[in-house]
file work.txt (compact mmCIF, C-alpha atoms and all ligand atoms)
# COMPACT_ATOMS: atom_id res chain seq x y z
CA MET M 415 196.44 95.53 76.86
CA THR M 416 196.06 95.57 80.66
CA GLU M 417 199.27 95.47 82.70
CA TYR M 418 199.54 92.49 85.05
CA GLU M 419 201.98 91.78 87.86
CA THR M 420 202.04 87.98 88.00
CA ILE M 421 201.25 86.89 84.44
CA LEU M 422 202.22 87.71 80.88
CA VAL M 423 199.38 88.05 78.42
CA ASP M 424 199.48 88.19 74.67
CA GLN M 425 197.38 87.44 71.62
CA ARG M 426 198.83 85.31 68.81
CA GLY M 427 196.42 85.16 65.92
CA ARG M 428 193.07 84.01 67.32
CA VAL M 429 194.66 82.53 70.46
CA GLY M 430 195.00 84.26 73.83
CA TRP M 431 198.09 83.24 75.80
CA ILE M 432 198.37 83.55 79.59
CA THR M 433 201.82 82.76 81.01
CA LEU M 434 202.20 82.46 84.78
CA ASN M 435 205.17 84.57 85.76
CA ARG M 436 206.30 84.22 89.37
CA PRO M 437 209.59 82.39 88.71
CA GLN M 438 210.91 83.08 92.23
CA ALA M 439 208.03 81.00 93.68
CA LEU M 440 207.71 78.35 90.92
CA ASN M 441 204.52 80.14 89.83
CA ALA M 442 202.79 79.50 93.17
CA LEU M 443 199.21 80.68 92.87
CA ASN M 444 198.50 83.49 95.30
CA SER M 445 195.25 85.47 95.27
CA ARG M 446 196.75 88.04 92.91
CA VAL M 447 197.51 85.29 90.38
CA ALA M 448 193.94 83.98 90.72
CA GLU M 449 192.53 87.45 90.05
CA GLU M 450 194.85 88.18 87.14
CA VAL M 451 194.54 84.84 85.36
CA THR M 452 190.78 85.05 85.70
CA ALA M 453 190.62 88.67 84.52
CA ALA M 454 192.75 87.84 81.47
CA ALA M 455 190.73 84.73 80.64
CA VAL M 456 187.40 86.53 81.05
CA ALA M 457 188.63 89.37 78.80
CA PHE M 458 189.71 86.87 76.12
CA ASP M 459 186.38 85.09 76.53
CA ALA M 460 184.50 88.30 75.77
CA ASP M 461 186.51 88.86 72.57
CA ALA M 462 185.03 87.25 69.45
CA GLY M 463 188.51 87.50 67.90
CA ILE M 464 189.71 84.79 70.31
CA GLY M 465 188.88 81.15 69.63
CA ALA M 466 191.15 79.41 72.16
CA ILE M 467 193.06 80.29 75.32
CA VAL M 468 196.36 78.79 76.49
CA VAL M 469 197.56 78.81 80.09
CA THR M 470 201.19 77.90 80.60
CA GLY M 471 204.05 78.41 83.03
CA SER M 472 207.82 78.08 82.80
CA GLU M 473 209.98 75.14 81.81
CA LYS M 474 210.51 74.20 85.48
CA ALA M 475 206.98 74.80 86.77
CA PHE M 476 203.49 75.18 85.43
CA ALA M 477 202.61 76.00 89.05
CA ALA M 478 203.91 74.36 92.25
CA GLY M 479 200.59 74.87 94.02
CA ALA M 480 198.64 77.49 95.85
CA ASP M 481 200.96 79.89 97.66
CA ILE M 482 201.71 78.14 100.94
CA LYS M 483 203.32 81.27 102.41
CA GLU M 484 200.16 83.31 101.74
CA MET M 485 197.92 80.65 103.30
CA GLU M 486 200.06 79.61 106.27
CA GLY M 487 198.80 82.14 108.80
CA MET M 488 195.17 82.14 107.71
CA THR M 489 192.29 80.98 109.88
CA SER M 490 189.23 79.08 108.79
CA ALA M 491 187.25 82.31 109.11
CA ASP M 492 189.74 84.06 106.79
CA MET M 493 189.35 81.31 104.19
CA ILE M 494 185.58 81.42 104.26
CA GLY M 495 185.19 85.16 104.82
CA THR M 496 187.45 86.23 101.97
CA ASP M 497 186.22 83.52 99.59
CA HIS M 498 189.90 82.79 99.13
CA PHE M 499 190.47 81.83 95.52
CA GLY M 500 186.79 82.31 94.58
CA ALA M 501 188.08 83.94 91.38
CA TRP M 502 188.88 80.48 89.98
CA ARG M 503 185.14 79.78 89.69
CA ASP M 504 184.94 82.49 87.02
CA PHE M 505 188.03 81.11 85.30
CA ALA M 506 186.50 77.64 85.11
CA ALA M 507 183.31 79.13 83.65
CA VAL M 508 184.75 80.72 80.49
CA ARG M 509 183.08 79.56 77.26
CA THR M 510 186.26 79.52 75.18
CA PRO M 511 188.28 76.28 75.20
CA VAL M 512 191.33 76.51 77.44
CA ILE M 513 194.48 74.43 76.92
CA ALA M 514 196.90 73.93 79.82
CA ALA M 515 200.45 73.54 78.47
CA VAL M 516 202.29 71.93 81.36
CA SER M 517 206.06 71.76 81.70
CA GLY M 518 207.63 70.80 85.04
CA TYR M 519 205.63 70.86 88.27
CA ALA M 520 201.83 70.98 88.30
CA LEU M 521 201.22 70.32 91.98
CA GLY M 522 198.32 71.00 94.30
CA GLY M 523 196.55 74.11 92.99
CA GLY M 524 198.74 73.86 89.87
CA CYS M 525 197.34 70.43 89.06
CA GLU M 526 193.88 71.74 89.91
CA LEU M 527 194.34 74.74 87.58
CA ALA M 528 195.36 72.36 84.78
CA MET M 529 192.24 70.29 85.47
CA MET M 530 190.04 73.41 85.19
CA CYS M 531 191.20 73.60 81.57
CA ASP M 532 189.65 71.55 78.77
CA ILE M 533 192.81 69.99 77.38
CA ILE M 534 196.09 69.26 79.17
CA LEU M 535 199.17 68.98 76.96
CA ALA M 536 202.20 67.91 78.97
CA GLY M 537 205.90 68.01 78.27
CA ASP M 538 207.63 64.70 79.06
CA ASN M 539 209.25 66.48 82.04
CA ALA M 540 205.89 67.29 83.67
CA VAL M 541 205.07 66.12 87.20
CA PHE M 542 201.52 66.13 88.55
CA GLY M 543 200.14 65.56 92.01
CA GLN M 544 197.99 66.62 94.91
CA PRO M 545 200.50 66.79 97.79
CA GLU M 546 198.28 68.87 100.11
CA ILE M 547 198.00 65.94 102.52
CA ASN M 548 201.67 66.55 103.38
CA LEU M 549 200.75 70.05 104.58
CA GLY M 550 197.92 68.96 106.86
CA VAL M 551 195.21 70.02 104.42
CA ILE M 552 193.42 68.64 101.34
CA PRO M 553 192.97 69.87 97.76
CA GLY M 554 190.75 72.96 97.78
CA MET M 555 190.46 74.09 94.16
CA GLY M 556 188.59 71.09 92.78
CA GLY M 557 191.33 68.49 93.09
CA THR M 558 189.26 65.77 94.67
CA GLN M 559 186.24 66.26 92.42
CA ARG M 560 187.89 66.80 89.04
CA LEU M 561 190.62 64.19 89.62
CA ILE M 562 188.03 61.48 90.30
CA ARG M 563 186.18 62.41 87.12
CA ALA M 564 189.45 62.25 85.18
CA VAL M 565 191.06 59.09 86.52
CA GLY M 566 188.39 57.28 88.57
CA TYR M 567 187.96 56.90 92.32
CA TYR M 568 190.74 54.45 93.12
CA LYS M 569 193.57 56.29 91.36
CA ALA M 570 192.36 59.64 92.68
CA ALA M 571 192.08 58.29 96.22
CA GLU M 572 195.62 56.90 96.09
CA LEU M 573 197.06 60.20 94.87
CA VAL M 574 195.08 62.47 97.21
CA LEU M 575 195.59 60.31 100.30
CA SER M 576 199.30 59.59 99.78
CA GLY M 577 200.40 62.79 98.07
CA ARG M 578 202.35 60.66 95.55
CA LEU M 579 203.48 62.58 92.48
CA VAL M 580 203.11 61.14 88.99
CA LYS M 581 205.30 61.79 85.99
CA ALA M 582 203.91 62.75 82.60
CA GLU M 583 203.88 59.23 81.20
CA GLU M 584 201.82 57.85 84.09
CA ALA M 585 199.57 60.92 84.04
CA GLU M 586 198.77 60.19 80.41
CA ARG M 587 198.22 56.48 81.07
CA ILE M 588 195.66 57.16 83.82
CA GLY M 589 193.81 59.80 81.81
CA LEU M 590 194.93 62.94 83.61
CA VAL M 591 196.56 64.49 80.56
CA SER M 592 195.37 64.61 76.96
CA ARG M 593 198.78 64.04 75.37
CA VAL M 594 202.48 64.00 76.27
CA VAL M 595 205.00 65.54 73.89
CA PRO M 596 208.77 66.07 74.16
CA ALA M 597 209.29 69.05 76.48
CA SER M 598 211.17 70.90 73.74
CA ASP M 599 208.09 70.63 71.46
CA LEU M 600 205.49 71.63 74.04
CA LEU M 601 204.94 75.23 72.93
CA ALA M 602 205.00 74.35 69.22
CA GLU M 603 202.49 71.51 69.72
CA THR M 604 200.31 73.75 71.89
CA THR M 605 200.38 76.47 69.26
CA LYS M 606 199.37 73.98 66.58
CA LEU M 607 196.47 72.62 68.62
CA ALA M 608 195.26 76.03 69.81
CA ASP M 609 195.40 77.42 66.24
CA THR M 610 193.43 74.41 64.99
CA ILE M 611 190.68 74.89 67.58
CA ALA M 612 190.63 78.65 67.00
CA SER M 613 190.15 78.10 63.26
CA LYS M 614 186.83 76.32 63.82
CA SER M 615 183.50 78.10 63.92
CA LEU M 616 183.25 79.86 67.29
CA PRO M 617 179.55 79.04 67.91
CA SER M 618 180.21 75.33 67.36
CA VAL M 619 183.28 75.47 69.59
CA TYR M 620 181.28 77.15 72.38
CA ALA M 621 178.52 74.57 71.92
CA ALA M 622 180.98 71.67 72.00
CA LYS M 623 182.60 72.92 75.20
CA ALA M 624 179.26 73.59 76.90
CA THR M 625 178.05 70.13 75.95
CA LEU M 626 181.24 68.41 77.12
CA ASP M 627 180.97 70.38 80.39
CA ALA M 628 177.38 69.18 80.81
CA ALA M 629 178.61 65.58 80.76
CA MET M 630 180.59 66.30 83.94
CA GLU M 631 177.47 67.55 85.73
CA THR M 632 174.47 65.57 84.49
CA PRO M 633 173.05 62.04 84.18
CA LEU M 634 173.20 60.55 80.65
CA THR M 635 169.60 61.24 79.61
CA GLU M 636 169.87 64.88 80.64
CA GLY M 637 173.28 65.22 78.96
CA LEU M 638 171.90 63.79 75.72
CA GLU M 639 169.10 66.36 75.82
CA VAL M 640 171.68 69.15 76.25
CA GLU M 641 173.57 67.75 73.26
CA ARG M 642 170.45 67.58 71.06
CA ALA M 643 169.50 71.15 71.95
CA GLN M 644 173.00 72.48 71.30
CA PHE M 645 173.22 70.54 68.03
CA ALA M 646 169.86 71.90 66.84
CA ALA M 647 170.73 75.48 67.83
CA LEU M 648 173.76 75.46 65.54
CA PHE M 649 171.48 75.12 62.49
CA ASP M 650 170.68 78.84 62.82
CA THR M 651 174.32 79.84 62.34
CA ALA M 652 175.89 81.05 59.12
CA ASP M 653 178.84 78.76 59.83
CA GLN M 654 176.69 75.60 59.75
CA LYS M 655 175.51 76.58 56.25
CA GLU M 656 179.07 77.45 55.23
CA GLY M 657 180.59 74.30 56.75
CA MET M 658 178.15 71.98 55.01
CA ALA M 659 178.29 73.90 51.70
CA ALA M 660 182.10 73.71 51.80
CA PHE M 661 181.89 69.95 52.28
CA ARG M 662 179.53 69.60 49.30
CA GLU M 663 181.70 71.87 47.14
CA LYS M 664 184.89 70.02 48.21
CA ARG M 665 186.64 73.14 49.57
CA GLU M 666 187.81 74.46 52.95
CA PRO M 667 185.11 76.33 54.93
CA ASP M 668 185.47 80.05 55.44
CA PHE M 669 183.91 80.54 58.85
CA VAL M 670 182.62 83.94 59.98
CA HIS M 671 182.19 82.79 63.60
CA ARG M 672 178.47 83.54 63.66
N1 LIG P 1 203.91 78.14 97.70
C1 LIG P 1 204.82 79.10 97.99
N2 LIG P 1 206.10 79.06 97.61
C2 LIG P 1 206.51 78.00 96.90
C3 LIG P 1 205.63 76.95 96.56
C4 LIG P 1 204.27 77.05 96.99
N3 LIG P 1 203.36 76.14 96.68
N4 LIG P 1 206.33 76.02 95.87
C5 LIG P 1 207.59 76.48 95.77
N5 LIG P 1 207.69 77.66 96.39
C6 LIG P 1 208.90 78.49 96.52
C7 LIG P 1 209.88 77.90 97.54
O1 LIG P 1 209.50 78.25 98.84
C8 LIG P 1 211.18 78.52 97.08
O2 LIG P 1 211.22 79.86 97.54
P1 LIG P 1 212.52 80.37 98.38
O3 LIG P 1 213.63 80.30 97.36
O4 LIG P 1 212.14 81.76 98.76
O5 LIG P 1 212.71 79.43 99.49
C9 LIG P 1 211.04 78.58 95.57
O6 LIG P 1 209.64 78.48 95.30
C10 LIG P 1 211.73 77.44 94.87
O7 LIG P 1 211.25 76.23 95.42
P2 LIG P 1 212.21 75.08 95.98
O8 LIG P 1 213.51 75.64 96.46
O9 LIG P 1 211.43 74.25 96.94
O10 LIG P 1 212.48 74.26 94.61
P3 LIG P 1 212.86 72.73 94.47
O11 LIG P 1 213.24 72.55 93.03
O12 LIG P 1 213.85 72.31 95.51
O13 LIG P 1 211.49 71.92 94.77
C11 LIG P 1 209.10 71.51 94.59
C12 LIG P 1 210.38 72.05 93.90
C13 LIG P 1 209.24 69.98 94.79
C14 LIG P 1 207.95 71.79 93.66
C15 LIG P 1 208.91 72.19 95.97
O14 LIG P 1 209.02 73.61 95.78
C16 LIG P 1 207.58 71.91 96.62
O15 LIG P 1 207.37 70.83 97.17
N6 LIG P 1 206.65 72.89 96.59
C17 LIG P 1 205.36 72.80 97.24
C18 LIG P 1 204.43 71.84 96.54
C19 LIG P 1 203.12 71.76 97.27
O16 LIG P 1 203.03 71.29 98.38
N7 LIG P 1 202.05 72.22 96.61
C20 LIG P 1 200.71 72.23 97.19
C21 LIG P 1 200.44 73.55 97.85
S1 LIG P 1 198.89 73.61 98.74
C22 LIG P 1 197.76 73.82 97.53
O17 LIG P 1 198.06 73.89 96.37
C23 LIG P 1 196.31 73.91 97.97
C24 LIG P 1 195.40 74.23 96.81
C25 LIG P 1 194.01 74.56 97.26
C26 LIG P 1 193.88 75.96 97.78
C27 LIG P 1 192.44 76.32 97.89
C28 LIG P 1 192.22 77.63 98.65
C29 LIG P 1 190.74 78.00 98.74
call {"tool": "encode", "arguments": {"input": "work.txt", "output": "structure tokens"}}
result
Amino acid sequence: MTEYETILVDQRGRVGWITLNRPQALNALNSRVAEEVTAAAVAFDADAGIGAIVVTGSEKAFAAGADIKEMEGMTSADMIGTDHFGAWRDFAAVRTPVIAAVSGYALGGGCELAMMCDIILAGDNAVFGQPEINLGVIPGMGGTQRLIRAVGYYKAAELVLSGRLVKAEEAERIGLVSRVVPASDLLAETTKLADTIASKSLPSVYAAKATLDAAMETPLTEGLEVERAQFAALFDTADQKEGMAAFREKREPDFVHR
């Protein structure tokens, strides 16, 4: 497997794990992290042996934001000219479901990275927020757009404009996280969920994710058309025949992921 500097990467069964590994900077996301996380996710995405991807950090920090020290001296021209953090676009575009397993801080770019994932599992010690306003800037990796879609305008506006941080329990209540679990159970619960998703038929998992993604981008009528087309397309897969035969025969399906 490729050697990385800022992340740890391993495959456990049909699940690809990416662990942010810059403990000295609370996993702050510099451009190297963006490139490496994206490269690892894209490689997992191209592997039919992988049915789910997990992104996680340490107990203290999922990621405390984009790397402020890397950005501090940059000009507007630097930001635009280098497409700073453009790699995250490719990360957000992977077809495989991605679970963010968040323990500790998920701030700024860290919260935005979690929101690029499909499911956010949080330990009860997790803290989320978009504190960029305290630095004289605003969220720049999707924080305004994805947060509004997750929690609605008024909650998002309060958090982005004030920089207030929210603990796991509130994050779950407002719809920012999928589920909160005791911090000590986070990795076990994540493993269980990722293994469950990875055991499903890969074509139907890709179709489900693509269709859910479409709901974020399209009006209802158009989204329903996407859903109908994706639903119909699955009837050419071996796994649709197997899944429905298994139901009729009262047994577990044996998916071949085609
Ligand atoms: N960037 C760089 N270094 C960081 C960051 C960060 N975001 N966060 C923490 N660190 C470093 C600290 O500087 C410190 O390093 P050192 O020991 O060398 O001084 C080390 O990590 C440990 O941090 P602390 O000593 O501060 O730890 P505490 O437990 O006291 O505090 C906090 C933890 C509350 C999380 C605190 O570190 C903090 O407030 N961090 C910054 C949070 C923040 O403002 N995040 C938003 C950053 S801006 C952003 O994310 C923009 C995203 C969009 C970019 C789009 C580009 C195109």
call {"tool": "closest_residue", "arguments": {"input": "work.txt", "among": "M:Ala515, M:Ala608, M:Ala585, M:Val451", "to": "Arg426 of chain M", "atoms": "all atoms listed in the file"}}
result
M:Ala608
call {"tool": "closest_atom_pairs", "arguments": {"input": "work.txt", "of": "chain M", "to": "ligand LIG 1 (chain P)", "cutoff": "9 Å", "atoms": "all atoms listed in the file", "output": "Markdown table"}}
result
| residue | atom | partner | partner_atom | distance |
| --- | --- | --- | --- | --- |
| M:Arg436 | CA | P:LIG1 | O6 | 8.9 |
| M:Pro437 | CA | P:LIG1 | O6 | 7.7 |
| M:Gln438 | CA | P:LIG1 | C9 | 5.6 |
| M:Ala439 | CA | P:LIG1 | O6 | 3.4 |
| M:Leu440 | CA | P:LIG1 | O6 | 4.8 |
| M:Asn441 | CA | P:LIG1 | C3 | 7.5 |
| M:Ala442 | CA | P:LIG1 | C4 | 4.8 |
| M:Leu443 | CA | P:LIG1 | N1 | 7.2 |
| M:Asn444 | CA | P:LIG1 | N1 | 8.0 |
| M:Lys474 | CA | P:LIG1 | O11 | 8.2 |
| M:Ala475 | CA | P:LIG1 | C14 | 7.6 |
| M:Ala477 | CA | P:LIG1 | N3 | 7.7 |
| M:Ala478 | CA | P:LIG1 | N4 | 4.7 |
| M:Gly479 | CA | P:LIG1 | O17 | 3.6 |
| M:Ala480 | CA | P:LIG1 | O17 | 3.7 |
| M:Asp481 | CA | P:LIG1 | N1 | 3.4 |
| M:Ile482 | CA | P:LIG1 | N1 | 3.9 |
| M:Lys483 | CA | P:LIG1 | C1 | 5.1 |
| M:Glu484 | CA | P:LIG1 | C1 | 7.3 |
| M:Met485 | CA | P:LIG1 | C28 | 8.0 |
| M:Met493 | CA | P:LIG1 | C29 | 6.5 |
| M:Ile494 | CA | P:LIG1 | C29 | 8.3 |
| M:Asp497 | CA | P:LIG1 | C29 | 7.2 |
| M:His498 | CA | P:LIG1 | C29 | 4.9 |
| M:Phe499 | CA | P:LIG1 | C29 | 5.0 |
| M:Gly500 | CA | P:LIG1 | C29 | 7.2 |
| M:Gly518 | CA | P:LIG1 | C14 | 8.7 |
| M:Tyr519 | CA | P:LIG1 | C14 | 5.9 |
| M:Ala520 | CA | P:LIG1 | C14 | 8.2 |
| M:Leu521 | CA | P:LIG1 | N7 | 5.1 |
| M:Gly522 | CA | P:LIG1 | O17 | 3.6 |
| M:Gly523 | CA | P:LIG1 | O17 | 3.7 |
| M:Gly524 | CA | P:LIG1 | O17 | 6.5 |
| M:Cys525 | CA | P:LIG1 | O17 | 8.1 |
| M:Glu526 | CA | P:LIG1 | C24 | 7.5 |
| M:Gly543 | CA | P:LIG1 | N7 | 8.3 |
| M:Gln544 | CA | P:LIG1 | C20 | 6.6 |
| M:Pro545 | CA | P:LIG1 | O16 | 5.2 |
| M:Glu546 | CA | P:LIG1 | S1 | 5.0 |
| M:Ile547 | CA | P:LIG1 | O16 | 8.4 |
| M:Asn548 | CA | P:LIG1 | O16 | 7.0 |
| M:Leu549 | CA | P:LIG1 | O16 | 6.7 |
| M:Val551 | CA | P:LIG1 | C23 | 7.6 |
| M:Ile552 | CA | P:LIG1 | C23 | 6.9 |
| M:Pro553 | CA | P:LIG1 | C25 | 4.8 |
| M:Gly554 | CA | P:LIG1 | C25 | 3.7 |
| M:Met555 | CA | P:LIG1 | C25 | 4.7 |
| M:Gly556 | CA | P:LIG1 | C25 | 7.8 |
| M:Gly557 | CA | P:LIG1 | C25 | 7.8 |
| M:Gly577 | CA | P:LIG1 | O16 | 8.9 |
call {"tool": "closest_residue", "arguments": {"input": "work.txt", "among": "M:Leu573, M:Val619, M:Leu638, M:Ala629", "to": "Asp653 of chain M", "atoms": "all atoms listed in the file"}}
result
M:Val619
call {"tool": "atom_distance", "arguments": {"input": "work.txt", "atom1": "atom CA of Ala528 of chain M", "atom2": "atom CA of Ser576 of chain M"}}
result
20.1 Å
call {"tool": "atom_distance", "arguments": {"input": "work.txt", "atom1": "atom CA of Asn435 of chain M", "atom2": "atom CA of Ala454 of chain M"}}
result
13.5 Å
call {"tool": "closest_residue", "arguments": {"input": "work.txt", "among": "M:Val456, M:Ala536, M:Val580, M:Leu575", "to": "Gly550 of chain M", "atoms": "only C-alpha atoms"}}
result
M:Leu575
call {"tool": "closest_residue", "arguments": {"input": "work.txt", "among": "M:Glu586, M:Glu449, M:Glu666, M:Asp650", "to": "Ala540 of chain M", "atoms": "all atoms listed in the file"}}
result
M:Glu586
call {"tool": "atom_distance", "arguments": {"input": "work.txt", "atom1": "atom CA of Ala506 of chain M", "atom2": "atom CA of Cys531 of chain M"}}
result
7.1 Å
call {"tool": "residues_around", "arguments": {"input": "work.txt", "residues": "Gly537 of chain M", "least_positions_apart": "2", "cutoff": "9 Å", "atoms": "all atoms listed in the file", "output": "count of residues only"}}
result
17
call {"tool": "residues_around", "arguments": {"input": "work.txt", "residues": "Ala455 of chain M", "least_positions_apart": "2", "cutoff": "9 Å", "atoms": "only C-alpha atoms", "output": "list in words"}}
result
Gly430, Trp431, Ile432, Glu450, Val451, Thr452, Ala453, Ala457, Phe458, Asp459, Ala460, Ile467, Asp504, Phe505, Val508, Thr510 and Val512 of chain M
call {"tool": "closest_residue", "arguments": {"input": "work.txt", "among": "M:Ala624, M:Ile421, M:Val591, M:Leu561", "to": "Pro511 of chain M", "atoms": "all atoms listed in the file"}}
result
M:Ala624
call {"tool": "residues_around", "arguments": {"input": "work.txt", "residues": "Ser615 of chain M", "least_positions_apart": "3", "cutoff": "10 Å", "atoms": "only C-alpha atoms", "output": "PDB file with C-alpha atoms, keeping the file's coordinate frame"}}
result
ATOM      1  CA  GLY M 465     188.880  81.150  69.630  1.00  0.00           C
ATOM      2  CA  ILE M 611     190.680  74.890  67.580  1.00  0.00           C
ATOM      3  CA  ALA M 612     190.630  78.650  67.000  1.00  0.00           C
ATOM      4  CA  SER M 618     180.210  75.330  67.360  1.00  0.00           C
ATOM      5  CA  VAL M 619     183.280  75.470  69.590  1.00  0.00           C
ATOM      6  CA  TYR M 620     181.280  77.150  72.380  1.00  0.00           C
ATOM      7  CA  THR M 651     174.320  79.840  62.340  1.00  0.00           C
ATOM      8  CA  ALA M 652     175.890  81.050  59.120  1.00  0.00           C
ATOM      9  CA  ASP M 653     178.840  78.760  59.830  1.00  0.00           C
ATOM     10  CA  GLN M 654     176.690  75.600  59.750  1.00  0.00           C
ATOM     11  CA  GLU M 656     179.070  77.450  55.230  1.00  0.00           C
ATOM     12  CA  GLY M 657     180.590  74.300  56.750  1.00  0.00           C
ATOM     13  CA  PRO M 667     185.110  76.330  54.930  1.00  0.00           C
ATOM     14  CA  ASP M 668     185.470  80.050  55.440  1.00  0.00           C
ATOM     15  CA  PHE M 669     183.910  80.540  58.850  1.00  0.00           C
ATOM     16  CA  VAL M 670     182.620  83.940  59.980  1.00  0.00           C
ATOM     17  CA  HIS M 671     182.190  82.790  63.600  1.00  0.00           C
ATOM     18  CA  ARG M 672     178.470  83.540  63.660  1.00  0.00           C
TER      19      ARG M 672
END
